[in-house]
Amino acid sequence: PSRGLGDVYKRQVPGVYLLNIDMECGQAKEEFKRMGFTDGEKIDFQRFTPQALSVTPLWLVWHGTVHSGNVLLKSDEELIPLGISSKTELPIRRLSELVREYSQSTGKYQDRTEHDDYSLEKLCRFERTTEKCMAAIRQEGWKLAHVPEEVKTPEMCRLALDNSADLAYENLELLHYVPFPEICLEYIKENNGCGDVELPEILSALAPGVIDSRIADYAVEQDGRCLGVLPAHLQTVERAEKAVKEAGAEALAGEKVRADLKTEGMYLKCTEHSWMSFALLPKAERSPEICLLAEKLYPEETAKRPDLIPESVKNGCNVYSLCKMMEVRTGEKFTYQQMTDFYNGKPLNVRRMETPDGVQKDKSVRFDKEKQDFSFSDIRQERKK
């Protein structure tokens with residue numbers, strides 16, 4: 001016989017069946033206890049989590065005892081104590097139906113505010129007053145999902161967040177129901193780095209229109225990858241620079257990052273961030289200037305990974321190949337700035353430089369990138385100019 005159920009209810013509910021848990025986890029646990037069900041594992045229904053329900057939506061009820069649906073995967077010999085086999089076709093019931101039947105058969109209806117964990121969704125929209133919504137949220141923060149937008153207040157949303165579990169994957173959805181940017185930012189700051197959820201995922205959970213300039217500024221400074229989560233109008237050059245400073249190339253990797261922010265100047269900043277940031281750049285974006293900067297900043301790493309320098313850069317007439325040639329012909333090492341200035345027409349003083357016509361000594365050299373040619377003058381003459 002069923003345990004703890006009235007006679008009328010026992011006649012209505014079959015002894016062995018599969019149960020579809022169509023309620024939120026906290027509600028389900030409370031209803032099981034109210035109706036007299038027991039946990040087959042004897043751990044007070046601690047297995048009822050959003051993750052568990054997403055994997056196993058159907059649970060086995062055996063005469064008032066609730067077992068995981070995975071029990072049906074056992075061998076027929078192991079199922080003998082339950083009086084079923086792997087071929088037994090069990091009826092499927094919904095938990096909400098059982099709750100309704102139980103209430104009707106026993107006459108035990110809960111109060112619609114302080115004592116009802118699921119009352120808001122049963123009320124008509126105009127019945128969901130501020131008082132009833134606050135009472136429900138005091139019981140469980142997740143009731144915010146059933147509060148009409150026009151009834152929500154900052155105080156109510158703050159209470160809902162405070163009355164929920166710490167920020168984790170299953171709780172991200174709750175933030176979606178908070179329409180006030182200042183409350184969201186307050187909660188994000190308090191929980192950032194405390195749980196398993198990363199900041200870009202938190203921002204993705206917010207309702208459309210909630211992310212404002214304050215949230216955007218905080219997010220990109222904390223985690224540059226948030227840039228691609230921001231609405232397009234908040235993806236400014238200034239925020240992109242902050243994002244790249246924090247996360248390097250990962251900040252620009254998102255598909256939703258504005259295309260006009262992915263400039264050579266921004267990719268140069270990615271290269272300045274770290275060697276790994278340079279290595280993560282798309283091959284098409286590794287321009288001669290970027291490759292030269294990477295080689296000057298990370299000589300050991302680029303020597304180990306020459307494949308990261310595109311062949312078109314190595315073999316073309318550009319600032320990268322020019323630097324290579326000048327260092328071979330002069331025996332000197334030049335900085336990134338020296339070589340980019342030289343490539344763009346600024347003279348470069350050299351002590352000695354080998355040319356097809358002989359060795360030039362103590363000369364000021366100019367490079368004409370259109371003619372791809374060098375011109376020489378005495379250093380003193382260049383200074384007089």
# chains A, B, ... in the order shown; residues from 1 in each chain; ligands from 1
>>> residues_around(residues="stretch 222-236 of chain A", least_positions_apart="2", cutoff="6 Å", atoms="only C-alpha atoms", output="ChimeraX atom specification")
/A:200,219-220,238-239,243,246-247,251,254,256-257
>>> closest_residue(among="A:Cys184, A:Met266, A:Cys317, A:Cys323", to="A:Lys296", atoms="only C-alpha atoms")
A:Cys323
>>> select_by_dssp(residues="stretch 157-252 of chain A", states="alpha helix (DSSP H)", output="PDB file with N, CA and C atoms, in the first residue's frame")
ATOM      1  N   CYS A 157      13.505  42.288  -6.539  1.00  0.00           N
ATOM      2  CA  CYS A 157      14.518  41.536  -7.279  1.00  0.00           C
ATOM      3  C   CYS A 157      15.733  41.241  -6.398  1.00  0.00           C
ATOM      4  N   ARG A 158      16.108  42.196  -5.590  1.00  0.00           N
ATOM      5  CA  ARG A 158      17.241  41.968  -4.688  1.00  0.00           C
ATOM      6  C   ARG A 158      16.907  40.849  -3.697  1.00  0.00           C
ATOM      7  N   LEU A 159      15.680  40.844  -3.194  1.00  0.00           N
ATOM      8  CA  LEU A 159      15.246  39.800  -2.272  1.00  0.00           C
ATOM      9  C   LEU A 159      15.264  38.430  -2.960  1.00  0.00           C
ATOM     10  N   ALA A 160      14.806  38.395  -4.212  1.00  0.00           N
ATOM     11  CA  ALA A 160      14.784  37.133  -4.952  1.00  0.00           C
ATOM     12  C   ALA A 160      16.193  36.580  -5.126  1.00  0.00           C
ATOM     13  N   LEU A 161      17.144  37.448  -5.467  1.00  0.00           N
ATOM     14  CA  LEU A 161      18.523  37.001  -5.657  1.00  0.00           C
ATOM     15  C   LEU A 161      19.141  36.569  -4.331  1.00  0.00           C
ATOM     16  N   ASP A 162      18.866  37.312  -3.277  1.00  0.00           N
ATOM     17  CA  ASP A 162      19.402  36.952  -1.962  1.00  0.00           C
ATOM     18  C   ASP A 162      18.798  35.652  -1.448  1.00  0.00           C
ATOM     19  N   LEU A 172      21.595  30.752 -13.387  1.00  0.00           N
ATOM     20  CA  LEU A 172      21.760  31.859 -14.318  1.00  0.00           C
ATOM     21  C   LEU A 172      20.420  32.391 -14.792  1.00  0.00           C
ATOM     22  N   GLU A 173      19.473  31.496 -14.968  1.00  0.00           N
ATOM     23  CA  GLU A 173      18.182  31.892 -15.517  1.00  0.00           C
ATOM     24  C   GLU A 173      17.481  32.922 -14.642  1.00  0.00           C
ATOM     25  N   LEU A 174      17.738  32.880 -13.349  1.00  0.00           N
ATOM     26  CA  LEU A 174      17.072  33.817 -12.437  1.00  0.00           C
ATOM     27  C   LEU A 174      17.426  35.264 -12.780  1.00  0.00           C
ATOM     28  N   LEU A 175      18.679  35.517 -13.145  1.00  0.00           N
ATOM     29  CA  LEU A 175      19.092  36.869 -13.511  1.00  0.00           C
ATOM     30  C   LEU A 175      18.327  37.395 -14.719  1.00  0.00           C
ATOM     31  N   PRO A 181      19.267  47.203 -14.241  1.00  0.00           N
ATOM     32  CA  PRO A 181      20.717  47.078 -14.426  1.00  0.00           C
ATOM     33  C   PRO A 181      21.506  47.209 -13.134  1.00  0.00           C
ATOM     34  N   GLU A 182      21.107  48.149 -12.254  1.00  0.00           N
ATOM     35  CA  GLU A 182      21.888  48.370 -11.044  1.00  0.00           C
ATOM     36  C   GLU A 182      21.858  47.150 -10.112  1.00  0.00           C
ATOM     37  N   ILE A 183      20.722  46.440 -10.096  1.00  0.00           N
ATOM     38  CA  ILE A 183      20.624  45.234  -9.259  1.00  0.00           C
ATOM     39  C   ILE A 183      21.466  44.113  -9.861  1.00  0.00           C
ATOM     40  N   CYS A 184      21.408  43.977 -11.182  1.00  0.00           N
ATOM     41  CA  CYS A 184      22.212  42.948 -11.854  1.00  0.00           C
ATOM     42  C   CYS A 184      23.699  43.193 -11.625  1.00  0.00           C
ATOM     43  N   LEU A 185      24.132  44.446 -11.775  1.00  0.00           N
ATOM     44  CA  LEU A 185      25.550  44.763 -11.592  1.00  0.00           C
ATOM     45  C   LEU A 185      25.983  44.509 -10.149  1.00  0.00           C
ATOM     46  N   GLU A 186      25.135  44.870  -9.230  1.00  0.00           N
ATOM     47  CA  GLU A 186      25.421  44.652  -7.813  1.00  0.00           C
ATOM     48  C   GLU A 186      25.628  43.160  -7.540  1.00  0.00           C
ATOM     49  N   TYR A 187      24.738  42.331  -8.092  1.00  0.00           N
ATOM     50  CA  TYR A 187      24.816  40.886  -7.861  1.00  0.00           C
ATOM     51  C   TYR A 187      26.018  40.275  -8.580  1.00  0.00           C
ATOM     52  N   ILE A 188      26.291  40.755  -9.802  1.00  0.00           N
ATOM     53  CA  ILE A 188      27.432  40.242 -10.565  1.00  0.00           C
ATOM     54  C   ILE A 188      28.737  40.531  -9.836  1.00  0.00           C
ATOM     55  N   LYS A 189      28.880  41.744  -9.302  1.00  0.00           N
ATOM     56  CA  LYS A 189      30.103  42.096  -8.584  1.00  0.00           C
ATOM     57  C   LYS A 189      30.286  41.224  -7.348  1.00  0.00           C
ATOM     58  N   GLU A 190      29.190  40.944  -6.660  1.00  0.00           N
ATOM     59  CA  GLU A 190      29.276  40.142  -5.438  1.00  0.00           C
ATOM     60  C   GLU A 190      29.657  38.697  -5.734  1.00  0.00           C
ATOM     61  N   ASN A 191      29.261  38.193  -6.896  1.00  0.00           N
ATOM     62  CA  ASN A 191      29.445  36.773  -7.192  1.00  0.00           C
ATOM     63  C   ASN A 191      30.529  36.483  -8.217  1.00  0.00           C
ATOM     64  N   LEU A 199      32.125  35.130 -16.456  1.00  0.00           N
ATOM     65  CA  LEU A 199      31.414  36.387 -16.657  1.00  0.00           C
ATOM     66  C   LEU A 199      30.698  36.495 -18.007  1.00  0.00           C
ATOM     67  N   PRO A 200      31.285  36.056 -19.129  1.00  0.00           N
ATOM     68  CA  PRO A 200      30.539  36.141 -20.399  1.00  0.00           C
ATOM     69  C   PRO A 200      29.219  35.374 -20.366  1.00  0.00           C
ATOM     70  N   GLU A 201      29.194  34.243 -19.663  1.00  0.00           N
ATOM     71  CA  GLU A 201      27.957  33.469 -19.560  1.00  0.00           C
ATOM     72  C   GLU A 201      26.923  34.207 -18.711  1.00  0.00           C
ATOM     73  N   ILE A 202      27.396  34.883 -17.682  1.00  0.00           N
ATOM     74  CA  ILE A 202      26.474  35.643 -16.835  1.00  0.00           C
ATOM     75  C   ILE A 202      25.821  36.749 -17.649  1.00  0.00           C
ATOM     76  N   LEU A 203      26.622  37.473 -18.421  1.00  0.00           N
ATOM     77  CA  LEU A 203      26.069  38.556 -19.238  1.00  0.00           C
ATOM     78  C   LEU A 203      25.089  38.028 -20.274  1.00  0.00           C
ATOM     79  N   SER A 204      25.387  36.851 -20.816  1.00  0.00           N
ATOM     80  CA  SER A 204      24.487  36.255 -21.823  1.00  0.00           C
ATOM     81  C   SER A 204      23.127  35.919 -21.231  1.00  0.00           C
ATOM     82  N   ALA A 205      23.080  35.712 -19.918  1.00  0.00           N
ATOM     83  CA  ALA A 205      21.823  35.342 -19.267  1.00  0.00           C
ATOM     84  C   ALA A 205      20.922  36.537 -19.000  1.00  0.00           C
ATOM     85  N   SER A 213      25.890  50.926 -19.877  1.00  0.00           N
ATOM     86  CA  SER A 213      27.299  51.309 -19.944  1.00  0.00           C
ATOM     87  C   SER A 213      28.059  50.910 -18.678  1.00  0.00           C
ATOM     88  N   ARG A 214      27.382  50.941 -17.535  1.00  0.00           N
ATOM     89  CA  ARG A 214      28.057  50.572 -16.283  1.00  0.00           C
ATOM     90  C   ARG A 214      28.411  49.080 -16.270  1.00  0.00           C
ATOM     91  N   ILE A 215      27.477  48.252 -16.678  1.00  0.00           N
ATOM     92  CA  ILE A 215      27.746  46.815 -16.737  1.00  0.00           C
ATOM     93  C   ILE A 215      28.813  46.541 -17.792  1.00  0.00           C
ATOM     94  N   ALA A 216      28.728  47.218 -18.930  1.00  0.00           N
ATOM     95  CA  ALA A 216      29.690  47.010 -20.014  1.00  0.00           C
ATOM     96  C   ALA A 216      31.107  47.354 -19.571  1.00  0.00           C
ATOM     97  N   ASP A 217      31.261  48.501 -18.899  1.00  0.00           N
ATOM     98  CA  ASP A 217      32.598  48.918 -18.451  1.00  0.00           C
ATOM     99  C   ASP A 217      33.176  47.918 -17.454  1.00  0.00           C
ATOM    100  N   TYR A 218      32.361  47.500 -16.498  1.00  0.00           N
ATOM    101  CA  TYR A 218      32.837  46.545 -15.497  1.00  0.00           C
ATOM    102  C   TYR A 218      33.202  45.211 -16.153  1.00  0.00           C
ATOM    103  N   ALA A 219      32.372  44.753 -17.063  1.00  0.00           N
ATOM    104  CA  ALA A 219      32.552  43.425 -17.648  1.00  0.00           C
ATOM    105  C   ALA A 219      33.843  43.325 -18.462  1.00  0.00           C
ATOM    106  N   VAL A 220      34.098  44.295 -19.348  1.00  0.00           N
ATOM    107  CA  VAL A 220      35.285  44.182 -20.216  1.00  0.00           C
ATOM    108  C   VAL A 220      36.575  44.348 -19.425  1.00  0.00           C
ATOM    109  N   GLU A 221      36.528  45.095 -18.329  1.00  0.00           N
ATOM    110  CA  GLU A 221      37.724  45.237 -17.502  1.00  0.00           C
ATOM    111  C   GLU A 221      38.015  43.964 -16.722  1.00  0.00           C
ATOM    112  N   GLN A 222      36.965  43.234 -16.358  1.00  0.00           N
ATOM    113  CA  GLN A 222      37.136  41.990 -15.605  1.00  0.00           C
ATOM    114  C   GLN A 222      37.455  40.809 -16.513  1.00  0.00           C
ATOM    115  N   VAL A 237      35.336  51.580 -29.358  1.00  0.00           N
ATOM    116  CA  VAL A 237      36.778  51.390 -29.500  1.00  0.00           C
ATOM    117  C   VAL A 237      37.448  51.373 -28.130  1.00  0.00           C
ATOM    118  N   GLU A 238      37.014  52.271 -27.248  1.00  0.00           N
ATOM    119  CA  GLU A 238      37.601  52.343 -25.910  1.00  0.00           C
ATOM    120  C   GLU A 238      37.398  51.043 -25.146  1.00  0.00           C
ATOM    121  N   ARG A 239      36.191  50.477 -25.225  1.00  0.00           N
ATOM    122  CA  ARG A 239      35.936  49.215 -24.506  1.00  0.00           C
ATOM    123  C   ARG A 239      36.680  48.054 -25.172  1.00  0.00           C
ATOM    124  N   ALA A 240      36.807  48.108 -26.487  1.00  0.00           N
ATOM    125  CA  ALA A 240      37.553  47.059 -27.179  1.00  0.00           C
ATOM    126  C   ALA A 240      39.020  47.080 -26.754  1.00  0.00           C
ATOM    127  N   GLU A 241      39.583  48.263 -26.599  1.00  0.00           N
ATOM    128  CA  GLU A 241      40.975  48.367 -26.155  1.00  0.00           C
ATOM    129  C   GLU A 241      41.140  47.818 -24.739  1.00  0.00           C
ATOM    130  N   LYS A 242      40.183  48.124 -23.871  1.00  0.00           N
ATOM    131  CA  LYS A 242      40.230  47.585 -22.511  1.00  0.00           C
ATOM    132  C   LYS A 242      40.098  46.059 -22.529  1.00  0.00           C
ATOM    133  N   ALA A 243      39.221  45.576 -23.390  1.00  0.00           N
ATOM    134  CA  ALA A 243      39.004  44.130 -23.477  1.00  0.00           C
ATOM    135  C   ALA A 243      40.258  43.422 -23.970  1.00  0.00           C
ATOM    136  N   VAL A 244      40.900  43.995 -24.990  1.00  0.00           N
ATOM    137  CA  VAL A 244      42.120  43.399 -25.529  1.00  0.00           C
ATOM    138  C   VAL A 244      43.250  43.453 -24.505  1.00  0.00           C
ATOM    139  N   LYS A 245      43.322  44.544 -23.752  1.00  0.00           N
ATOM    140  CA  LYS A 245      44.351  44.653 -22.715  1.00  0.00           C
ATOM    141  C   LYS A 245      44.199  43.547 -21.677  1.00  0.00           C
ATOM    142  N   GLU A 246      42.950  43.139 -21.425  1.00  0.00           N
ATOM    143  CA  GLU A 246      42.701  42.105 -20.410  1.00  0.00           C
ATOM    144  C   GLU A 246      42.812  40.693 -20.984  1.00  0.00           C
ATOM    145  N   ALA A 247      42.261  40.470 -22.175  1.00  0.00           N
ATOM    146  CA  ALA A 247      42.144  39.098 -22.694  1.00  0.00           C
ATOM    147  C   ALA A 247      42.898  38.840 -23.990  1.00  0.00           C
TER     148      ALA A 247
END
>>> atom_distance(atom1="atom CA of A:Val328", atom2="atom CA of A:Lys269")
28.0 Å
>>> atom_distance(atom1="atom CA of A:Arg125", atom2="atom CA of A:Ile21")
24.7 Å
>>> residues_around(residues="A:Leu95", least_positions_apart="3", cutoff="9 Å", atoms="only C-alpha atoms", output="list in words")
Leu19, Asn20, Ile21, Asp22, Met23, Ala28, Glu31, Leu98, Val99 and Arg100 of chain A
>>> closest_residue(among="A:Thr335, A:Leu322, A:Leu82, A:Gly40", to="A:Arg366", atoms="only C-alpha atoms")
A:Leu322
>>> select_by_dssp(residues="stretch 147-364 of chain A", states="strand (DSSP E)", output="list in words")
Leu348, Asn349, Val350, Arg351, Arg352, Met353, Glu354, Thr355, Gly358, Val359, Gln360, Lys361, Asp362, Lys363 and Ser364 of chain A
>>> write_last_selection(atoms="N, CA and C atoms", output="short mmCIF file (atom, residue, chain, number, x, y, z; two decimals), in the first residue's frame")
data_model
loop_
_atom_site.label_atom_id
_atom_site.label_comp_id
_atom_site.auth_asym_id
_atom_site.auth_seq_id
_atom_site.Cartn_x
_atom_site.Cartn_y
_atom_site.Cartn_z
N LEU A 348 67.68 56.00 -41.76
CA LEU A 348 68.23 55.14 -40.72
C LEU A 348 69.75 55.21 -40.80
N ASN A 349 70.38 55.57 -39.72
CA ASN A 349 71.83 55.64 -39.68
C ASN A 349 72.43 54.27 -39.42
N VAL A 350 73.41 53.89 -40.26
CA VAL A 350 74.06 52.59 -40.10
C VAL A 350 75.57 52.80 -40.12
N ARG A 351 76.29 51.98 -39.38
CA ARG A 351 77.75 52.07 -39.37
C ARG A 351 78.34 51.39 -40.61
N ARG A 352 77.65 50.31 -41.01
CA ARG A 352 78.19 49.53 -42.14
C ARG A 352 77.04 48.77 -42.78
N MET A 353 77.01 48.77 -44.14
CA MET A 353 75.94 48.04 -44.83
C MET A 353 76.46 47.49 -46.15
N GLU A 354 76.28 46.20 -46.33
CA GLU A 354 76.70 45.57 -47.57
C GLU A 354 75.64 45.80 -48.64
N THR A 355 76.09 46.17 -49.85
CA THR A 355 75.19 46.37 -50.99
C THR A 355 75.79 45.66 -52.20
N GLY A 358 78.99 47.27 -53.21
CA GLY A 358 80.06 47.38 -52.24
C GLY A 358 79.55 47.70 -50.86
N VAL A 359 80.48 48.01 -49.97
CA VAL A 359 80.13 48.27 -48.58
C VAL A 359 80.00 49.77 -48.36
N GLN A 360 78.89 50.15 -47.77
CA GLN A 360 78.67 51.55 -47.40
C GLN A 360 78.95 51.69 -45.91
N LYS A 361 79.72 52.75 -45.54
CA LYS A 361 80.09 52.94 -44.14
C LYS A 361 79.62 54.31 -43.66
N ASP A 362 79.14 54.30 -42.40
CA ASP A 362 78.68 55.54 -41.75
C ASP A 362 77.76 56.33 -42.67
N LYS A 363 76.67 55.68 -43.04
CA LYS A 363 75.73 56.29 -43.97
C LYS A 363 74.34 56.43 -43.35
N SER A 364 73.61 57.39 -43.90
CA SER A 364 72.18 57.51 -43.60
C SER A 364 71.43 56.90 -44.77
#
>>> residues_around(residues="A:Ala294", least_positions_apart="4", cutoff="8 Å", atoms="only C-alpha atoms", output="PyMOL selection string")
chain A and resi 271-272+275+278+290+298-299+302
>>> write_last_selection(atoms="all heavy atoms", output="compact mmCIF listing (two decimals), in the first residue's frame")
# COMPACT_ATOMS: atom_id res chain seq x y z
N THR A 271 48.83 41.48 -30.07
CA THR A 271 50.19 40.94 -30.10
C THR A 271 51.00 41.44 -28.92
O THR A 271 51.79 40.69 -28.33
CB THR A 271 50.87 41.33 -31.42
OG1 THR A 271 50.08 40.87 -32.52
CG2 THR A 271 52.26 40.73 -31.53
N GLU A 272 50.80 42.69 -28.54
CA GLU A 272 51.50 43.23 -27.37
C GLU A 272 51.08 42.53 -26.08
O GLU A 272 51.85 42.46 -25.12
CB GLU A 272 51.21 44.73 -27.24
CG GLU A 272 51.84 45.57 -28.35
CD GLU A 272 51.40 47.02 -28.28
OE1 GLU A 272 50.49 47.33 -27.47
OE2 GLU A 272 51.94 47.84 -29.03
N TRP A 275 52.43 36.34 -26.14
CA TRP A 275 52.78 35.45 -27.26
C TRP A 275 51.58 34.60 -27.67
O TRP A 275 51.29 34.43 -28.86
CB TRP A 275 53.94 34.55 -26.87
CG TRP A 275 54.03 33.28 -27.68
CD1 TRP A 275 53.73 32.02 -27.28
CD2 TRP A 275 54.43 33.18 -29.05
NE1 TRP A 275 53.90 31.12 -28.31
CE2 TRP A 275 54.34 31.81 -29.42
CE3 TRP A 275 54.84 34.09 -30.01
CZ2 TRP A 275 54.66 31.35 -30.68
CZ3 TRP A 275 55.16 33.63 -31.28
CH2 TRP A 275 55.07 32.28 -31.61
N PHE A 278 49.16 36.46 -29.81
CA PHE A 278 49.59 36.52 -31.22
C PHE A 278 49.31 35.20 -31.93
O PHE A 278 48.80 35.18 -33.06
CB PHE A 278 51.08 36.85 -31.30
CG PHE A 278 51.68 36.56 -32.65
CD1 PHE A 278 51.39 37.36 -33.75
CD2 PHE A 278 52.52 35.47 -32.83
CE1 PHE A 278 51.93 37.09 -35.00
CE2 PHE A 278 53.08 35.19 -34.07
CZ PHE A 278 52.78 36.00 -35.16
N ILE A 290 52.54 43.11 -37.79
CA ILE A 290 52.22 42.30 -36.62
C ILE A 290 53.26 41.21 -36.41
O ILE A 290 53.70 40.95 -35.28
CB ILE A 290 50.80 41.71 -36.77
CG1 ILE A 290 49.76 42.82 -36.58
CG2 ILE A 290 50.57 40.59 -35.75
CD1 ILE A 290 48.34 42.39 -36.85
N TYR A 298 58.88 38.48 -28.85
CA TYR A 298 58.98 37.07 -28.44
C TYR A 298 59.95 36.32 -29.36
O TYR A 298 59.53 35.41 -30.10
CB TYR A 298 57.60 36.42 -28.46
CG TYR A 298 56.49 37.31 -27.94
CD1 TYR A 298 55.53 37.84 -28.81
CD2 TYR A 298 56.40 37.64 -26.59
CE1 TYR A 298 54.52 38.67 -28.34
CE2 TYR A 298 55.40 38.48 -26.12
CZ TYR A 298 54.46 38.99 -27.01
OH TYR A 298 53.46 39.81 -26.55
N PRO A 299 61.23 36.68 -29.36
CA PRO A 299 62.18 36.05 -30.30
C PRO A 299 62.32 34.54 -30.12
O PRO A 299 62.42 33.80 -31.11
CB PRO A 299 63.49 36.79 -29.99
CG PRO A 299 63.32 37.35 -28.61
CD PRO A 299 61.87 37.68 -28.50
N THR A 302 58.99 32.76 -31.43
CA THR A 302 58.83 32.77 -32.90
C THR A 302 59.88 31.89 -33.56
O THR A 302 59.63 31.32 -34.63
CB THR A 302 58.94 34.20 -33.45
OG1 THR A 302 60.10 34.84 -32.92
CG2 THR A 302 57.70 35.02 -33.06
>>> decode(residues="stretch 358-374 of chain A", atoms="N, CA, C and O atoms", output="PDB file, in the first residue's frame")
ATOM      1  N   GLY A 358      78.986  47.268 -53.206  1.00  0.00           N
ATOM      2  CA  GLY A 358      80.062  47.380 -52.244  1.00  0.00           C
ATOM      3  C   GLY A 358      79.551  47.700 -50.861  1.00  0.00           C
ATOM      4  O   GLY A 358      78.339  47.701 -50.598  1.00  0.00           O
ATOM      5  N   VAL A 359      80.483  48.008 -49.975  1.00  0.00           N
ATOM      6  CA  VAL A 359      80.131  48.270 -48.584  1.00  0.00           C
ATOM      7  C   VAL A 359      80.004  49.769 -48.358  1.00  0.00           C
ATOM      8  O   VAL A 359      80.892  50.547 -48.735  1.00  0.00           O
ATOM      9  N   GLN A 360      78.892  50.155 -47.775  1.00  0.00           N
ATOM     10  CA  GLN A 360      78.667  51.549 -47.400  1.00  0.00           C
ATOM     11  C   GLN A 360      78.952  51.693 -45.905  1.00  0.00           C
ATOM     12  O   GLN A 360      78.481  50.899 -45.092  1.00  0.00           O
ATOM     13  N   LYS A 361      79.718  52.748 -45.537  1.00  0.00           N
ATOM     14  CA  LYS A 361      80.088  52.945 -44.136  1.00  0.00           C
ATOM     15  C   LYS A 361      79.622  54.309 -43.658  1.00  0.00           C
ATOM     16  O   LYS A 361      79.714  55.292 -44.379  1.00  0.00           O
ATOM     17  N   ASP A 362      79.138  54.304 -42.401  1.00  0.00           N
ATOM     18  CA  ASP A 362      78.682  55.544 -41.750  1.00  0.00           C
ATOM     19  C   ASP A 362      77.763  56.332 -42.668  1.00  0.00           C
ATOM     20  O   ASP A 362      78.026  57.498 -43.005  1.00  0.00           O
ATOM     21  N   LYS A 363      76.674  55.683 -43.042  1.00  0.00           N
ATOM     22  CA  LYS A 363      75.731  56.291 -43.974  1.00  0.00           C
ATOM     23  C   LYS A 363      74.337  56.428 -43.352  1.00  0.00           C
ATOM     24  O   LYS A 363      73.968  55.700 -42.433  1.00  0.00           O
ATOM     25  N   SER A 364      73.608  57.386 -43.899  1.00  0.00           N
ATOM     26  CA  SER A 364      72.181  57.511 -43.603  1.00  0.00           C
ATOM     27  C   SER A 364      71.429  56.903 -44.775  1.00  0.00           C
ATOM     28  O   SER A 364      71.604  57.337 -45.922  1.00  0.00           O
ATOM     29  N   VAL A 365      70.611  55.904 -44.483  1.00  0.00           N
ATOM     30  CA  VAL A 365      69.949  55.134 -45.542  1.00  0.00           C
ATOM     31  C   VAL A 365      68.459  55.470 -45.570  1.00  0.00           C
ATOM     32  O   VAL A 365      67.812  55.585 -44.526  1.00  0.00           O
ATOM     33  N   ARG A 366      67.947  55.629 -46.784  1.00  0.00           N
ATOM     34  CA  ARG A 366      66.508  55.774 -46.987  1.00  0.00           C
ATOM     35  C   ARG A 366      66.023  54.626 -47.846  1.00  0.00           C
ATOM     36  O   ARG A 366      66.724  54.163 -48.744  1.00  0.00           O
ATOM     37  N   PHE A 367      64.789  54.206 -47.560  1.00  0.00           N
ATOM     38  CA  PHE A 367      64.174  53.128 -48.355  1.00  0.00           C
ATOM     39  C   PHE A 367      62.915  53.653 -49.024  1.00  0.00           C
ATOM     40  O   PHE A 367      62.055  54.242 -48.372  1.00  0.00           O
ATOM     41  N   ASP A 368      62.853  53.443 -50.341  1.00  0.00           N
ATOM     42  CA  ASP A 368      61.683  53.821 -51.122  1.00  0.00           C
ATOM     43  C   ASP A 368      60.865  52.556 -51.370  1.00  0.00           C
ATOM     44  O   ASP A 368      61.249  51.715 -52.187  1.00  0.00           O
ATOM     45  N   LYS A 369      59.742  52.419 -50.654  1.00  0.00           N
ATOM     46  CA  LYS A 369      58.982  51.168 -50.766  1.00  0.00           C
ATOM     47  C   LYS A 369      58.257  51.036 -52.091  1.00  0.00           C
ATOM     48  O   LYS A 369      57.892  49.920 -52.487  1.00  0.00           O
ATOM     49  N   GLU A 370      58.044  52.147 -52.784  1.00  0.00           N
ATOM     50  CA  GLU A 370      57.417  52.041 -54.098  1.00  0.00           C
ATOM     51  C   GLU A 370      58.419  51.532 -55.135  1.00  0.00           C
ATOM     52  O   GLU A 370      58.095  50.677 -55.958  1.00  0.00           O
ATOM     53  N   LYS A 371      59.631  52.067 -55.089  1.00  0.00           N
ATOM     54  CA  LYS A 371      60.679  51.619 -56.020  1.00  0.00           C
ATOM     55  C   LYS A 371      61.431  50.403 -55.491  1.00  0.00           C
ATOM     56  O   LYS A 371      62.181  49.768 -56.231  1.00  0.00           O
ATOM     57  N   GLN A 372      61.237  50.118 -54.195  1.00  0.00           N
ATOM     58  CA  GLN A 372      61.950  49.026 -53.531  1.00  0.00           C
ATOM     59  C   GLN A 372      63.461  49.203 -53.691  1.00  0.00           C
ATOM     60  O   GLN A 372      64.188  48.292 -54.122  1.00  0.00           O
ATOM     61  N   ASP A 373      63.909  50.431 -53.372  1.00  0.00           N
ATOM     62  CA  ASP A 373      65.310  50.776 -53.591  1.00  0.00           C
ATOM     63  C   ASP A 373      65.835  51.580 -52.407  1.00  0.00           C
ATOM     64  O   ASP A 373      65.081  52.199 -51.660  1.00  0.00           O
ATOM     65  N   PHE A 374      67.176  51.560 -52.257  1.00  0.00           N
ATOM     66  CA  PHE A 374      67.836  52.290 -51.191  1.00  0.00           C
ATOM     67  C   PHE A 374      68.572  53.501 -51.767  1.00  0.00           C
ATOM     68  O   PHE A 374      69.028  53.497 -52.906  1.00  0.00           O
TER      69      PHE A 374
END
